[in-house]
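Novice: What follows is the file work.txt, containing compact mmCIF, C-alpha atoms:
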# COMPACT_ATOMS: atom_id res chain seq x y z
CA MET G 1 6.88 -17.47 -24.76
CA VAL G 2 5.71 -14.36 -22.93
CA VAL G 3 6.81 -10.98 -24.22
CA GLN G 4 6.36 -8.00 -21.94
CA ASN G 5 6.14 -4.45 -23.08
CA THR G 6 8.59 -2.73 -20.73
CA SER G 7 7.56 0.78 -21.80
CA ASN G 8 4.01 0.13 -20.55
CA ASN G 9 5.34 -1.33 -17.31
CA THR G 10 7.54 1.73 -16.78
CA SER G 11 4.65 4.06 -17.56
CA ASN G 12 2.38 2.20 -15.13
CA ASN G 13 5.03 2.41 -12.40
CA ILE G 14 5.43 6.16 -12.93
CA ASN G 15 1.65 6.70 -12.81
CA SER G 16 1.39 4.56 -9.69
CA ASN G 17 4.18 6.52 -7.98
CA GLN G 18 2.58 9.83 -8.94
CA SER G 19 -0.76 8.65 -7.56
CA ARG G 20 0.85 7.58 -4.27
CA ASN G 21 2.69 10.90 -4.00
CA HIS G 22 -0.56 12.76 -4.64
CA GLN G 23 -2.34 10.69 -1.97
CA TRP G 24 0.51 11.34 0.46
CA ASP G 25 0.31 15.09 -0.23
CA ASN G 26 -3.44 15.00 0.44
CA VAL G 27 -2.95 13.13 3.72
CA ARG G 28 -0.31 15.59 4.88
CA ALA G 29 -2.51 18.54 3.86
CA ALA G 30 -5.35 17.10 5.96
CA LEU G 31 -2.97 16.62 8.90
CA LYS G 32 -1.94 20.27 8.62
CA ARG G 33 -5.51 21.54 8.15
CA PHE G 34 -7.08 19.59 11.03
CA TRP G 35 -4.26 19.33 13.53
CA GLY G 36 -1.74 22.00 12.51
CA TYR G 37 1.20 19.60 12.12
CA GLU G 38 3.51 19.66 9.10
CA ASP G 39 4.34 15.95 9.20
CA PHE G 40 3.70 12.71 11.06
CA ARG G 41 5.90 11.41 13.84
CA PRO G 42 7.69 8.09 13.45
CA PRO G 43 6.22 5.49 12.99
CA GLN G 44 2.94 7.24 12.08
CA GLY G 45 4.14 8.29 8.63
CA GLU G 46 5.42 4.82 7.80
CA ILE G 47 2.10 3.27 8.84
CA ILE G 48 0.11 5.71 6.70
CA ARG G 49 2.37 5.03 3.69
CA MET G 50 1.90 1.27 4.12
CA ILE G 51 -1.86 1.76 4.13
CA LEU G 52 -1.72 3.93 1.00
CA ASP G 53 0.45 1.33 -0.77
CA SER G 54 -1.98 -1.52 -0.09
Take the structure from the file and write it as structure tokens.
Specialist:
Amino acid sequence: MVVQNTSNNTSNNINSNQSRNHQWDNVRAALKRFWGYEDFRPPQGEIIRMILDS
């Protein structure tokens, strides 16, 4: 029988989401700094997010 600690799983998911959000903020800041754009055009943003999630 396998018992999972759901509080650790939830905590790991929150930390993972925060890390991805931080990475996304850094990517957008670089886009703004180097190119002057506030955000990516579709599908650029989706592609970048897929890369960050992998």
Novice: Return the padded bounding box of range 45-54 of chain G as AutoDock Vina command-line options: axis-aligned, built from all atoms listed in the file, 8 Å added on each side, with centre and edge lengths in Å to one decimal.
Specialist:
--center_x 1.7 --center_y 3.4 --center_z 4.0 --size_x 23.4 --size_y 25.8 --size_z 25.6
Novice: So which residues touch range 44-46 of chain G within 10 Å, counting only C-alpha atoms, skipping near sequence neighbours fewer than 5 positions away, as a PDB file with C-alpha atoms, in the frame of the given file?
Specialist:
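Final output, around-v4.pdb:
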ATOM      1  CA  TRP G  24       0.510  11.340   0.460  1.00  0.00           C
ATOM      2  CA  VAL G  27      -2.950  13.130   3.720  1.00  0.00           C
ATOM      3  CA  ARG G  28      -0.310  15.590   4.880  1.00  0.00           C
ATOM      4  CA  ASP G  39       4.340  15.950   9.200  1.00  0.00           C
ATOM      5  CA  ILE G  51      -1.860   1.760   4.130  1.00  0.00           C
ATOM      6  CA  LEU G  52      -1.720   3.930   1.000  1.00  0.00           C
TER       7      LEU G  52
END
Novice: Pick out the closest residue to Ser54 in chain G from this set: G:Arg20, G:Ile14, G:Phe34, G:Asp25. Count all atoms listed in the file.
Specialist: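 Of all the options, G:Arg20 lies closest to Ser54 in chain G.
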Novice: What does the structure give for the distance between CA of Ile47 in chain G and CA of Gln23 in chain G, in Å to one decimal?
Specialist: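 CA of Gln23 in chain G lies at a distance of 13.8 Å from CA of Ile47 in chain G.
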